$ cat model-v7.cif   # mmCIF, C-alpha atoms and all ligand atoms
data_target
loop_
_atom_site.group_PDB
_atom_site.id
_atom_site.type_symbol
_atom_site.label_atom_id
_atom_site.label_comp_id
_atom_site.auth_asym_id
_atom_site.auth_seq_id
_atom_site.Cartn_x
_atom_site.Cartn_y
_atom_site.Cartn_z
ATOM 1 C CA MET A 1 -20.542 -25.516 109.401
ATOM 2 C CA LEU A 2 -17.206 -26.589 107.916
ATOM 3 C CA LYS A 3 -15.547 -29.701 109.320
ATOM 4 C CA VAL A 4 -11.926 -28.803 109.896
ATOM 5 C CA ASP A 5 -8.925 -30.693 111.297
ATOM 6 C CA LEU A 6 -5.629 -28.824 111.178
ATOM 7 C CA HIS A 7 -3.326 -31.274 112.943
ATOM 8 C CA SER A 8 -2.635 -34.807 111.719
ATOM 9 C CA HIS A 9 0.165 -37.272 111.035
ATOM 10 C CA SER A 10 0.996 -39.858 108.372
ATOM 11 C CA TYR A 11 3.715 -42.492 108.222
ATOM 12 C CA ALA A 12 6.022 -39.822 106.786
ATOM 13 C CA SER A 13 6.595 -39.113 110.514
ATOM 14 C CA ASP A 14 5.091 -41.064 113.405
ATOM 15 C CA GLY A 15 1.598 -41.812 112.128
ATOM 16 C CA THR A 16 0.702 -45.246 110.810
ATOM 17 C CA LEU A 17 -1.408 -44.383 107.731
ATOM 18 C CA SER A 18 -0.025 -43.473 104.333
ATOM 19 C CA PRO A 19 -0.930 -39.925 103.256
ATOM 20 C CA SER A 20 -3.457 -41.429 100.789
ATOM 21 C CA ASP A 21 -5.116 -43.527 103.485
ATOM 22 C CA LEU A 22 -5.221 -40.486 105.771
ATOM 23 C CA LEU A 23 -7.126 -38.533 103.100
ATOM 24 C CA LEU A 24 -9.411 -41.520 102.518
ATOM 25 C CA ARG A 25 -10.202 -41.487 106.219
ATOM 26 C CA ALA A 26 -10.740 -37.714 106.122
ATOM 27 C CA GLY A 27 -13.262 -38.307 103.337
ATOM 28 C CA LYS A 28 -15.089 -40.907 105.412
ATOM 29 C CA GLN A 29 -15.186 -38.434 108.319
ATOM 30 C CA LYS A 30 -16.678 -35.884 105.878
ATOM 31 C CA LEU A 31 -13.939 -33.327 106.532
ATOM 32 C CA ASP A 32 -13.937 -30.194 104.392
ATOM 33 C CA ILE A 33 -10.417 -29.079 105.334
ATOM 34 C CA LEU A 34 -7.487 -31.179 106.545
ATOM 35 C CA ALA A 35 -3.935 -30.132 107.353
ATOM 36 C CA LEU A 36 -1.237 -32.794 107.195
ATOM 37 C CA THR A 37 1.307 -31.703 109.790
ATOM 38 C CA ASP A 38 3.947 -34.415 110.085
ATOM 39 C CA HIS A 39 6.788 -33.901 112.541
ATOM 40 C CA ASP A 40 9.734 -32.107 110.922
ATOM 41 C CA THR A 41 9.100 -33.388 107.403
ATOM 42 C CA THR A 42 7.124 -32.434 104.301
ATOM 43 C CA GLU A 43 7.657 -35.811 102.599
ATOM 44 C CA GLY A 44 3.973 -36.801 102.805
ATOM 45 C CA LEU A 45 2.527 -33.619 101.322
ATOM 46 C CA GLU A 46 2.683 -34.425 97.610
ATOM 47 C CA GLU A 47 0.861 -37.731 97.948
ATOM 48 C CA ALA A 48 -1.619 -36.067 100.315
ATOM 49 C CA ALA A 49 -2.325 -33.290 97.792
ATOM 50 C CA ASP A 50 -3.086 -35.836 95.050
ATOM 51 C CA ALA A 51 -5.393 -37.831 97.318
ATOM 52 C CA ALA A 52 -7.114 -34.633 98.506
ATOM 53 C CA LYS A 53 -8.243 -33.948 94.922
ATOM 54 C CA THR A 54 -9.757 -37.433 94.667
ATOM 55 C CA HIS A 55 -11.720 -36.980 97.889
ATOM 56 C CA ARG A 56 -12.574 -33.290 97.270
ATOM 57 C CA ILE A 57 -10.978 -32.149 100.487
ATOM 58 C CA LYS A 58 -9.097 -28.899 100.853
ATOM 59 C CA LEU A 59 -5.602 -29.869 101.976
ATOM 60 C CA ILE A 60 -3.597 -27.364 103.975
ATOM 61 C CA LYS A 61 0.094 -28.096 103.618
ATOM 62 C CA GLY A 62 1.658 -28.144 107.038
ATOM 63 C CA VAL A 63 4.495 -29.382 109.210
ATOM 64 C CA GLU A 64 4.791 -29.653 113.008
ATOM 65 C CA ILE A 65 8.240 -28.412 113.940
ATOM 66 C CA SER A 66 9.953 -29.313 117.220
ATOM 67 C CA CYS A 67 11.754 -26.354 118.719
ATOM 68 C CA ILE A 68 13.304 -25.065 121.911
ATOM 69 C CA TRP A 69 11.854 -22.305 124.024
ATOM 70 C CA ASN A 70 13.262 -21.554 127.455
ATOM 71 C CA LYS A 71 15.298 -24.796 127.329
ATOM 72 C CA SER A 72 12.150 -26.916 126.803
ATOM 73 C CA THR A 73 10.816 -28.601 123.684
ATOM 74 C CA ILE A 74 7.662 -27.151 122.248
ATOM 75 C CA HIS A 75 5.842 -27.926 118.993
ATOM 76 C CA VAL A 76 4.871 -25.327 116.428
ATOM 77 C CA VAL A 77 2.417 -26.238 113.690
ATOM 78 C CA ALA A 78 3.175 -24.386 110.473
ATOM 79 C CA LEU A 79 0.141 -24.059 108.203
ATOM 80 C CA GLY A 80 0.023 -23.116 104.540
ATOM 81 C CA ILE A 81 3.700 -23.628 103.802
ATOM 82 C CA ASP A 82 5.410 -23.749 100.438
ATOM 83 C CA LYS A 83 7.349 -26.964 100.824
ATOM 84 C CA SER A 84 9.798 -25.974 98.072
ATOM 85 C CA SER A 85 11.122 -23.175 100.314
ATOM 86 C CA PHE A 86 14.900 -23.531 100.465
ATOM 87 C CA THR A 87 15.061 -22.057 103.976
ATOM 88 C CA LEU A 88 12.466 -24.523 105.229
ATOM 89 C CA GLN A 89 14.101 -27.552 103.621
ATOM 90 C CA LYS A 90 17.499 -26.484 104.956
ATOM 91 C CA LEU A 91 16.082 -26.562 108.491
ATOM 92 C CA LEU A 92 14.302 -29.891 107.950
ATOM 93 C CA THR A 93 17.454 -31.502 106.540
ATOM 94 C CA LYS A 94 19.336 -30.388 109.650
ATOM 95 C CA MET A 95 16.556 -31.777 111.824
ATOM 96 C CA TYR A 96 16.648 -35.135 110.080
ATOM 97 C CA ALA A 97 20.362 -35.382 110.912
ATOM 98 C CA ALA A 98 19.762 -34.260 114.504
ATOM 99 C CA ARG A 99 17.005 -36.849 114.881
ATOM 100 C CA GLU A 100 19.234 -39.561 113.454
ATOM 101 C CA GLN A 101 21.992 -38.741 115.963
ATOM 102 C CA ARG A 102 19.480 -38.678 118.784
ATOM 103 C CA ALA A 103 17.877 -41.950 117.660
ATOM 104 C CA LYS A 104 21.286 -43.653 117.769
ATOM 105 C CA LYS A 105 21.893 -42.334 121.280
ATOM 106 C CA ILE A 106 18.478 -43.608 122.361
ATOM 107 C CA GLY A 107 19.390 -46.979 120.842
ATOM 108 C CA ASP A 108 22.679 -47.098 122.770
ATOM 109 C CA LYS A 109 20.890 -46.298 126.007
ATOM 110 C CA LEU A 110 18.264 -48.975 125.447
ATOM 111 C CA GLU A 111 20.986 -51.521 124.627
ATOM 112 C CA LYS A 112 22.326 -50.855 128.124
ATOM 113 C CA GLN A 113 18.888 -51.861 129.408
ATOM 114 C CA GLY A 114 19.301 -55.213 127.688
ATOM 115 C CA ILE A 115 17.278 -54.409 124.577
ATOM 116 C CA THR A 116 19.376 -55.830 121.776
ATOM 117 C CA ASP A 117 19.650 -54.144 118.353
ATOM 118 C CA ALA A 118 17.366 -51.394 119.627
ATOM 119 C CA TYR A 119 18.348 -48.824 116.973
ATOM 120 C CA GLN A 120 18.122 -51.318 114.084
ATOM 121 C CA LYS A 121 14.745 -52.562 115.287
ATOM 122 C CA ALA A 122 13.352 -49.021 115.548
ATOM 123 C CA ARG A 123 14.936 -48.047 112.233
ATOM 124 C CA SER A 124 13.304 -50.954 110.449
ATOM 125 C CA MET A 125 9.887 -49.609 111.496
ATOM 126 C CA CYS A 126 10.201 -46.594 109.204
ATOM 127 C CA LYS A 127 12.665 -47.629 106.462
ATOM 128 C CA ASP A 128 14.789 -44.518 105.805
ATOM 129 C CA GLY A 129 12.123 -42.178 107.193
ATOM 130 C CA LEU A 130 12.288 -39.820 110.119
ATOM 131 C CA LEU A 131 12.864 -41.683 113.380
ATOM 132 C CA THR A 132 10.897 -40.515 116.437
ATOM 133 C CA ARG A 133 10.346 -41.694 119.979
ATOM 134 C CA THR A 134 7.002 -43.067 118.803
ATOM 135 C CA HIS A 135 8.853 -45.619 116.645
ATOM 136 C CA TYR A 136 10.901 -46.627 119.670
ATOM 137 C CA ALA A 137 7.726 -46.918 121.730
ATOM 138 C CA ARG A 138 6.115 -49.204 119.120
ATOM 139 C CA MET A 139 9.286 -51.292 118.895
ATOM 140 C CA LEU A 140 9.331 -51.732 122.696
ATOM 141 C CA VAL A 141 5.718 -52.934 122.650
ATOM 142 C CA ASP A 142 6.331 -55.310 119.710
ATOM 143 C CA ASN A 143 9.296 -56.818 121.565
ATOM 144 C CA ASN A 144 7.403 -57.215 124.845
ATOM 145 C CA HIS A 145 9.355 -54.612 126.806
ATOM 146 C CA ALA A 146 6.163 -52.653 127.482
ATOM 147 C CA LYS A 147 2.477 -53.553 127.392
ATOM 148 C CA ASP A 148 1.387 -50.474 125.408
ATOM 149 C CA MET A 149 2.618 -47.162 124.034
ATOM 150 C CA LYS A 150 1.825 -45.288 127.215
ATOM 151 C CA GLN A 151 3.950 -47.681 129.252
ATOM 152 C CA SER A 152 6.798 -47.528 126.704
ATOM 153 C CA PHE A 153 7.016 -43.783 127.190
ATOM 154 C CA LYS A 154 6.599 -43.955 130.932
ATOM 155 C CA LYS A 155 9.173 -46.698 131.432
ATOM 156 C CA TYR A 156 11.832 -45.706 128.913
ATOM 157 C CA LEU A 157 11.318 -42.619 126.803
ATOM 158 C CA THR A 158 10.353 -39.634 128.948
ATOM 159 C CA LYS A 159 12.615 -37.258 130.848
ATOM 160 C CA GLY A 160 14.503 -39.019 133.639
ATOM 161 C CA LYS A 161 13.931 -42.494 132.148
ATOM 162 C CA PRO A 162 16.757 -44.698 130.838
ATOM 163 C CA GLY A 163 16.082 -44.205 127.113
ATOM 164 C CA PHE A 164 15.505 -40.456 127.173
ATOM 165 C CA VAL A 165 17.659 -38.186 125.033
ATOM 166 C CA LYS A 166 16.780 -34.518 124.669
ATOM 167 C CA GLY A 167 16.311 -33.285 121.107
ATOM 168 C CA LYS A 168 18.691 -30.649 119.738
ATOM 169 C CA TRP A 169 16.104 -28.478 118.017
ATOM 170 C CA ALA A 170 16.294 -24.908 116.739
ATOM 171 C CA GLU A 171 15.104 -21.986 118.859
ATOM 172 C CA LEU A 172 11.440 -20.961 118.606
ATOM 173 C CA LYS A 173 12.188 -17.467 117.292
ATOM 174 C CA ASP A 174 14.347 -18.866 114.474
ATOM 175 C CA VAL A 175 11.750 -21.494 113.580
ATOM 176 C CA ILE A 176 9.108 -18.764 113.283
ATOM 177 C CA LYS A 177 11.312 -16.914 110.777
ATOM 178 C CA VAL A 178 11.756 -20.089 108.724
ATOM 179 C CA ILE A 179 8.002 -20.748 108.684
ATOM 180 C CA GLN A 180 7.312 -17.184 107.561
ATOM 181 C CA ALA A 181 9.994 -17.425 104.862
ATOM 182 C CA ALA A 182 8.075 -20.463 103.566
ATOM 183 C CA GLY A 183 4.835 -18.429 103.482
ATOM 184 C CA GLY A 184 3.311 -20.317 106.417
ATOM 185 C CA VAL A 185 1.684 -19.224 109.643
ATOM 186 C CA PRO A 186 3.119 -20.396 113.002
ATOM 187 C CA ILE A 187 0.686 -21.861 115.529
ATOM 188 C CA ILE A 188 1.595 -23.153 119.005
ATOM 189 C CA ALA A 189 0.510 -26.786 119.136
ATOM 190 C CA HIS A 190 -1.319 -28.251 122.162
ATOM 191 C CA PRO A 191 -0.311 -25.426 124.581
ATOM 192 C CA LEU A 192 -1.370 -27.329 127.695
ATOM 193 C CA ARG A 193 0.729 -30.411 127.002
ATOM 194 C CA TYR A 194 3.952 -28.711 128.127
ATOM 195 C CA LYS A 195 2.676 -28.631 131.713
ATOM 196 C CA MET A 196 3.793 -25.028 132.207
ATOM 197 C CA THR A 197 2.602 -22.825 135.034
ATOM 198 C CA ASN A 198 0.145 -20.118 133.937
ATOM 199 C CA THR A 199 2.873 -17.515 134.351
ATOM 200 C CA LYS A 200 5.200 -19.403 132.054
ATOM 201 C CA LEU A 201 2.452 -20.052 129.520
ATOM 202 C CA ASN A 202 1.730 -16.316 129.436
ATOM 203 C CA THR A 203 5.425 -15.579 128.921
ATOM 204 C CA LEU A 204 5.498 -18.098 126.065
ATOM 205 C CA PHE A 205 2.464 -16.516 124.411
ATOM 206 C CA SER A 206 3.749 -12.980 124.762
ATOM 207 C CA GLU A 207 7.196 -13.880 123.377
ATOM 208 C CA PHE A 208 5.597 -15.923 120.595
ATOM 209 C CA LYS A 209 3.486 -12.885 119.715
ATOM 210 C CA ASN A 210 6.555 -10.623 119.652
ATOM 211 C CA PHE A 211 8.468 -13.106 117.487
ATOM 212 C CA GLY A 212 5.623 -12.924 114.948
ATOM 213 C CA GLY A 213 3.521 -15.938 115.972
ATOM 214 C CA THR A 214 0.016 -16.081 114.500
ATOM 215 C CA GLY A 215 -2.074 -18.354 116.659
ATOM 216 C CA ILE A 216 -2.528 -21.167 119.119
ATOM 217 C CA GLU A 217 -4.377 -24.464 119.053
ATOM 218 C CA VAL A 218 -7.434 -23.770 121.173
ATOM 219 C CA VAL A 219 -9.146 -27.067 120.481
ATOM 220 C CA ASN A 220 -7.469 -30.458 120.764
ATOM 221 C CA ALA A 221 -9.035 -33.896 120.768
ATOM 222 C CA GLY A 222 -7.845 -34.390 124.340
ATOM 223 C CA ASN A 223 -9.034 -31.065 125.808
ATOM 224 C CA ASN A 224 -12.022 -30.936 128.151
ATOM 225 C CA PRO A 225 -14.451 -27.956 127.898
ATOM 226 C CA ASP A 226 -12.769 -26.076 130.757
ATOM 227 C CA LYS A 227 -9.367 -26.265 129.089
ATOM 228 C CA THR A 228 -10.838 -25.136 125.787
ATOM 229 C CA LYS A 229 -12.515 -22.154 127.478
ATOM 230 C CA PHE A 230 -9.248 -21.261 129.220
ATOM 231 C CA LEU A 231 -7.312 -21.357 125.944
ATOM 232 C CA ALA A 232 -10.013 -19.423 124.075
ATOM 233 C CA ARG A 233 -9.721 -16.612 126.603
ATOM 234 C CA LEU A 234 -5.924 -16.487 126.293
ATOM 235 C CA CYS A 235 -6.166 -16.705 122.509
ATOM 236 C CA ASN A 236 -8.307 -13.556 122.418
ATOM 237 C CA GLU A 237 -6.226 -11.790 125.064
ATOM 238 C CA TYR A 238 -3.151 -12.089 122.856
ATOM 239 C CA ASP A 239 -5.133 -11.353 119.704
ATOM 240 C CA PHE A 240 -4.162 -14.695 118.200
ATOM 241 C CA PHE A 241 -6.032 -16.654 115.577
ATOM 242 C CA ALA A 242 -7.395 -19.972 116.820
ATOM 243 C CA SER A 243 -6.658 -23.395 115.400
ATOM 244 C CA GLN A 244 -8.219 -26.789 116.041
ATOM 245 C CA GLY A 245 -6.846 -30.248 115.395
ATOM 246 C CA SER A 246 -7.114 -33.854 116.461
ATOM 247 C CA ASP A 247 -3.363 -34.669 116.379
ATOM 248 C CA PHE A 248 -4.457 -37.988 114.862
ATOM 249 C CA HIS A 249 -1.653 -40.571 114.564
ATOM 250 C CA SER A 250 -3.278 -43.944 113.978
ATOM 251 C CA PRO A 251 -6.622 -45.751 113.831
ATOM 252 C CA GLY A 252 -7.876 -47.682 116.806
ATOM 253 C CA GLY A 253 -6.676 -45.236 119.414
ATOM 254 C CA PHE A 254 -8.560 -42.847 121.626
ATOM 255 C CA ILE A 255 -8.149 -40.012 119.135
ATOM 256 C CA GLU A 256 -10.000 -40.090 115.809
ATOM 257 C CA LEU A 257 -9.314 -37.921 112.784
ATOM 258 C CA GLY A 258 -11.692 -34.948 112.673
ATOM 259 C CA LYS A 259 -13.355 -35.762 116.003
ATOM 260 C CA ILE A 260 -12.883 -32.555 117.937
ATOM 261 C CA PRO A 261 -15.129 -30.332 120.048
ATOM 262 C CA PRO A 262 -16.284 -27.087 118.385
ATOM 263 C CA LEU A 263 -14.231 -23.903 118.545
ATOM 264 C CA PRO A 264 -15.761 -21.330 120.933
ATOM 265 C CA ASN A 265 -17.624 -18.583 119.034
ATOM 266 C CA SER A 266 -15.460 -15.860 120.547
ATOM 267 C CA CYS A 267 -12.376 -17.086 118.621
ATOM 268 C CA ARG A 268 -11.244 -16.081 115.146
ATOM 269 C CA PRO A 269 -10.622 -19.288 113.192
ATOM 270 C CA ILE A 270 -7.291 -19.497 111.364
ATOM 271 C CA TRP A 271 -8.733 -21.477 108.435
ATOM 272 C CA ASN A 272 -10.468 -18.383 107.034
ATOM 273 C CA GLN A 273 -6.992 -16.884 106.609
ATOM 274 C CA LEU A 274 -5.343 -19.769 104.767
HETATM 275 P P1 LIG A 301 9.852 -37.056 119.449
HETATM 276 O O1 LIG A 301 9.469 -35.868 118.591
HETATM 277 O O2 LIG A 301 10.755 -38.013 118.743
HETATM 278 O O3 LIG A 301 10.374 -36.642 120.785
HETATM 279 O O4 LIG A 301 8.512 -37.863 119.710
HETATM 280 C C1 LIG A 301 7.407 -37.188 120.230
HETATM 281 C C2 LIG A 301 6.124 -37.930 119.880
HETATM 282 O O5 LIG A 301 5.942 -38.989 120.796
HETATM 283 C C3 LIG A 301 4.897 -37.075 120.033
HETATM 284 O O6 LIG A 301 4.621 -36.392 118.849
HETATM 285 C C4 LIG A 301 3.808 -38.073 120.333
HETATM 286 O O7 LIG A 301 3.256 -38.562 119.124
HETATM 287 C C5 LIG A 301 4.551 -39.189 120.999
HETATM 288 N N1 LIG A 301 4.332 -39.245 122.458
HETATM 289 C C6 LIG A 301 4.910 -38.487 123.410
HETATM 290 N N2 LIG A 301 4.507 -38.875 124.644
HETATM 291 C C7 LIG A 301 3.649 -39.912 124.459
HETATM 292 C C8 LIG A 301 2.883 -40.767 125.329
HETATM 293 N N3 LIG A 301 2.924 -40.634 126.656
HETATM 294 N N4 LIG A 301 2.102 -41.722 124.756
HETATM 295 C C9 LIG A 301 2.050 -41.870 123.421
HETATM 296 N N5 LIG A 301 2.748 -41.105 122.556
HETATM 297 C C10 LIG A 301 3.524 -40.141 123.061
HETATM 298 MN MN MN A 302 3.715 -37.562 117.194
HETATM 299 MN MN MN A 303 3.007 -32.367 119.060
HETATM 300 MN MN MN A 304 1.220 -33.752 116.364
#

$ encode --input "model-v7.cif" --output "C-alpha cells" --more "lines below"
Ligand code: AMP
Ligand code: MN
Ligand code: MN
Ligand code: MN
Amino acid sequence: MLKVDLHSHSYASDGTLSPSDLLLRAGKQKLDILALTDHDTTEGLEEAADAAKTHRIKLIKGVEISCIWNKSTIHVVALGIDKSSFTLQKLLTKMYAAREQRAKKIGDKLEKQGITDAYQKARSMCKDGLLTRTHYARMLVDNNHAKDMKQSFKKYLTKGKPGFVKGKWAELKDVIKVIQAAGGVPIIAHPLRYKMTNTKLNTLFSEFKNFGGTGIEVVNAGNNPDKTKFLARLCNEYDFFASQGSDFHSPGGFIELGKIPPLPNSCRPIWNQL
C-alpha cells in the first residue's frame, strides 16, 4: 500500500523545517507521495521538488488557502497546482499584503498588553516570509508570555482574546475558481476543526460541491476512528474524493509527518487522480 501524506508545512509558512528537511523526513518515514501545502504561499515548492527527486518521493505541489465561507475562516488545500499560474500568484500576493496588515494589527494589540516590539519580534522569526499567528504564538512562548503554543493561542490569539484579528481572506467560491485556473483540485481541509453543527457542515459541503469542489480531508492525524468514519460517510454522500494528511508543522510535537490512520476502503482516494 502506498504511504501518502497530502498536507504538510515548511518554514515557507508556519512550519519549522526547510522544504529540503521536510523531504528528508518524508524519506525517513518511507513516504511514497507527499504534498507540501504551505499556508497561502508557493515559495517552498521549488526547493521541495528538487529534494523530492533526491529522495525518490512523488511531490504533489500544493497550497493551503485561507478563505471565508459564511463569515468564518476555512482552509482549502489545493493539490496539483501550477505555481506559475498568474491568477493564483495574484491572489497569493494580495494575501501576503492582507497578512502583513493583519500581523501589524495583532502587534499593536499585543503592545497594549505590555508586550513590547511584538510585531518586530514576530517578524524576525520568519525574515521577510509570510507572517502567521503561529509565529506570534512562538514569539509569545520565547518571551515567557505563555508556557506553550496551546496557551499562546488560548490566552492571546483566538477569537475574543486580546491579540485576535480576523483575517480578510477571499470568499470560498472565488478561491475555488483560482485553484481550478491553476490546474489544481480544491479539498476542504480538516472539516471538523471549524466546530460547525452538522447542519452547517452539510451546507458547507453542498455549497462547496456546487462551487466545483473536489474533495474533503477524511483522515487527519488528530481524528479518532469515529470522526474518520463520520467524514467517510459524508465524503461518499457528496460524491467527493477523499484526502488524507498529517498537517505536520514541526518535529517534536504530537503530530508526525506521514503518521496517519488508514483511509476507509469505501472512499475514493484523491491521489489516484493527481
Ligand atoms: P493564521 O492562518 O495566521 O490565522 O494561523 C493559523 C495557524 O495557527 C494554523 O494553521 C495552525 O497551524 C495554528 N494554530 C491555530 N490554533 C492553534 C492552537 N490552538 N495551537 C497550535 N497552533 C494553532
Ligand atoms: Mn499552520
Ligand atoms: Mn489548516
Ligand atoms: Mn495545515

$ closest_residue --input "model-v7.cif" --among "A:His135, A:Lys159, A:Lys259, A:Lys109" --to "ligand MN 302 (chain A)" --atoms "all atoms listed in the file"
A:His135

$ residues_around --input "model-v7.cif" --residues "A:Ala232" --least-positions-apart "2" --cutoff "9 Å" --atoms "all atoms listed in the file" --output "short mmCIF file (atom, residue, chain, number, x, y, z; two decimals) with C-alpha atoms, keeping the file's coordinate frame"
data_model
loop_
_atom_site.label_atom_id
_atom_site.label_comp_id
_atom_site.auth_asym_id
_atom_site.auth_seq_id
_atom_site.Cartn_x
_atom_site.Cartn_y
_atom_site.Cartn_z
CA VAL A 218 -7.43 -23.77 121.17
CA VAL A 219 -9.15 -27.07 120.48
CA LYS A 227 -9.37 -26.26 129.09
CA THR A 228 -10.84 -25.14 125.79
CA LYS A 229 -12.52 -22.15 127.48
CA PHE A 230 -9.25 -21.26 129.22
CA LEU A 234 -5.92 -16.49 126.29
CA CYS A 235 -6.17 -16.70 122.51
CA ASN A 236 -8.31 -13.56 122.42
CA GLU A 237 -6.23 -11.79 125.06
CA ALA A 242 -7.40 -19.97 116.82
CA LEU A 263 -14.23 -23.90 118.54
CA PRO A 264 -15.76 -21.33 120.93
CA SER A 266 -15.46 -15.86 120.55
CA CYS A 267 -12.38 -17.09 118.62
#

$ closest_residue --input "model-v7.cif" --among "A:Ala78, A:Gln273, A:Thr42, A:Ser246" --to "A:Val4" --atoms "all atoms listed in the file"
A:Ser246

$ atom_distance --input "model-v7.cif" --atom1 "atom CA of A:Ala35" --atom2 "atom CA of A:Ile255"
15.9 Å

$ atom_distance --input "model-v7.cif" --atom1 "atom CA of A:Tyr156" --atom2 "atom CA of A:Leu130"
19.7 Å

$ closest_atom_pairs --input "model-v7.cif" --of "chain A" --to "ligand MN 304 (chain A)" --cutoff "7 Å" --atoms "only C-alpha atoms and all ligand atoms" --output "JSON lines"
{"residue": "A:His7", "atom": "CA", "partner": "A:MN304", "partner_atom": "MN", "distance": 6.2}
{"residue": "A:Ser8", "atom": "CA", "partner": "A:MN304", "partner_atom": "MN", "distance": 6.1}
{"residue": "A:His9", "atom": "CA", "partner": "A:MN304", "partner_atom": "MN", "distance": 6.5}
{"residue": "A:Thr37", "atom": "CA", "partner": "A:MN304", "partner_atom": "MN", "distance": 6.9}
{"residue": "A:Asp38", "atom": "CA", "partner": "A:MN304", "partner_atom": "MN", "distance": 6.9}
{"residue": "A:His39", "atom": "CA", "partner": "A:MN304", "partner_atom": "MN", "distance": 6.8}
{"residue": "A:Glu64", "atom": "CA", "partner": "A:MN304", "partner_atom": "MN", "distance": 6.4}
{"residue": "A:Asp247", "atom": "CA", "partner": "A:MN304", "partner_atom": "MN", "distance": 4.7}

$ write_last_selection --input "model-v7.cif" --atoms "C-alpha atoms" --output "short mmCIF file (atom, residue, chain, number, x, y, z; two decimals), in the coordinates of the input"
data_model
loop_
_atom_site.label_atom_id
_atom_site.label_comp_id
_atom_site.auth_asym_id
_atom_site.auth_seq_id
_atom_site.Cartn_x
_atom_site.Cartn_y
_atom_site.Cartn_z
CA HIS A 7 -3.33 -31.27 112.94
CA SER A 8 -2.64 -34.81 111.72
CA HIS A 9 0.16 -37.27 111.04
CA THR A 37 1.31 -31.70 109.79
CA ASP A 38 3.95 -34.42 110.08
CA HIS A 39 6.79 -33.90 112.54
CA GLU A 64 4.79 -29.65 113.01
CA ASP A 247 -3.36 -34.67 116.38
#

$ residues_near_ligand --input "model-v7.cif" --ligand "ligand MN 302 (chain A)" --cutoff "7 Å" --atoms "all atoms listed in the file" --output "PyMOL selection string"
chain A and resi 14-15+39+134+249

$ atom_distance --input "model-v7.cif" --atom1 "atom CA of A:Ile68" --atom2 "atom CA of A:Ser243"
21.1 Å

$ resolve_selection --input "model-v7.cif" --expression "the PyMOL selection byres (((not hetatm)) within 8 of (chain A and resi 301))" --output "PDB file with C-alpha atoms, in the frame of the given file"
ATOM      1  CA  ASP A  14       5.091 -41.064 113.405  1.00  0.00           C
ATOM      2  CA  GLY A  15       1.598 -41.812 112.128  1.00  0.00           C
ATOM      3  CA  HIS A  39       6.788 -33.901 112.541  1.00  0.00           C
ATOM      4  CA  SER A  66       9.953 -29.313 117.220  1.00  0.00           C
ATOM      5  CA  ARG A  99      17.005 -36.849 114.881  1.00  0.00           C
ATOM      6  CA  LEU A 131      12.864 -41.683 113.380  1.00  0.00           C
ATOM      7  CA  THR A 132      10.897 -40.515 116.437  1.00  0.00           C
ATOM      8  CA  ARG A 133      10.346 -41.694 119.979  1.00  0.00           C
ATOM      9  CA  THR A 134       7.002 -43.067 118.803  1.00  0.00           C
ATOM     10  CA  ALA A 137       7.726 -46.918 121.730  1.00  0.00           C
ATOM     11  CA  MET A 149       2.618 -47.162 124.034  1.00  0.00           C
ATOM     12  CA  LYS A 150       1.825 -45.288 127.215  1.00  0.00           C
ATOM     13  CA  GLN A 151       3.950 -47.681 129.252  1.00  0.00           C
ATOM     14  CA  SER A 152       6.798 -47.528 126.704  1.00  0.00           C
ATOM     15  CA  PHE A 153       7.016 -43.783 127.190  1.00  0.00           C
ATOM     16  CA  LYS A 154       6.599 -43.955 130.932  1.00  0.00           C
ATOM     17  CA  THR A 158      10.353 -39.634 128.948  1.00  0.00           C
ATOM     18  CA  LYS A 166      16.780 -34.518 124.669  1.00  0.00           C
ATOM     19  CA  GLY A 167      16.311 -33.285 121.107  1.00  0.00           C
ATOM     20  CA  HIS A 249      -1.653 -40.571 114.564  1.00  0.00           C
TER      21      HIS A 249
END

$ resolve_selection --input "model-v7.cif" --expression "the PyMOL selection byres (((not hetatm)) within 7 of (chain A and resi 303))" --output "PyMOL selection string"
chain A and resi 64+75+189-190

$ closest_residue --input "model-v7.cif" --among "A:Asp5, A:Lys83, A:Gly107, A:Ile216" --to "A:Arg233" --atoms "only C-alpha atoms"
A:Ile216

$ residues_around --input "model-v7.cif" --residues "A:Lys104" --least-positions-apart "6" --cutoff "12 Å" --atoms "all atoms listed in the file" --output "PyMOL selection string"
chain A and resi 97-98+110-111+117-123+131-133+136+163-165+167

$ closest_residue --input "model-v7.cif" --among "A:Pro162, A:His145, A:Trp169, A:Asn198" --to "A:Tyr96" --atoms "only C-alpha atoms"
A:Trp169

$ residues_around --input "model-v7.cif" --residues "A:Asp32" --least-positions-apart "4" --cutoff "9 Å" --atoms "all atoms listed in the file" --output "list in words"
Leu2, Lys3, Val4, Asp5, Ala26, Gly27, Arg56, Ile57, Lys58 and Leu59 of chain A

$ decode --input "model-v7.cif" --residues "stretch 65-71 of chain A" --atoms "N, CA and C atoms" --output "PDB file, in the first residue's frame"
ATOM      1  N   ILE A  65      -5.061  27.344   1.294  1.00  0.00           N
ATOM      2  CA  ILE A  65      -5.514  28.733   1.177  1.00  0.00           C
ATOM      3  C   ILE A  65      -6.597  29.042   2.220  1.00  0.00           C
ATOM      4  N   SER A  66      -6.381  30.119   2.968  1.00  0.00           N
ATOM      5  CA  SER A  66      -7.377  30.587   3.933  1.00  0.00           C
ATOM      6  C   SER A  66      -8.469  31.299   3.160  1.00  0.00           C
ATOM      7  N   CYS A  67      -9.712  30.991   3.458  1.00  0.00           N
ATOM      8  CA  CYS A  67     -10.793  31.721   2.796  1.00  0.00           C
ATOM      9  C   CYS A  67     -11.981  31.891   3.726  1.00  0.00           C
ATOM     10  N   ILE A  68     -12.946  32.663   3.240  1.00  0.00           N
ATOM     11  CA  ILE A  68     -14.134  32.955   4.048  1.00  0.00           C
ATOM     12  C   ILE A  68     -15.332  32.222   3.464  1.00  0.00           C
ATOM     13  N   TRP A  69     -16.027  31.519   4.316  1.00  0.00           N
ATOM     14  CA  TRP A  69     -17.321  30.950   3.954  1.00  0.00           C
ATOM     15  C   TRP A  69     -18.280  31.256   5.101  1.00  0.00           C
ATOM     16  N   ASN A  70     -19.420  31.872   4.738  1.00  0.00           N
ATOM     17  CA  ASN A  70     -20.419  32.159   5.759  1.00  0.00           C
ATOM     18  C   ASN A  70     -19.804  32.957   6.926  1.00  0.00           C
ATOM     19  N   LYS A  71     -18.983  33.923   6.592  1.00  0.00           N
ATOM     20  CA  LYS A  71     -18.336  34.832   7.545  1.00  0.00           C
ATOM     21  C   LYS A  71     -17.262  34.172   8.421  1.00  0.00           C
TER      22      LYS A  71
END
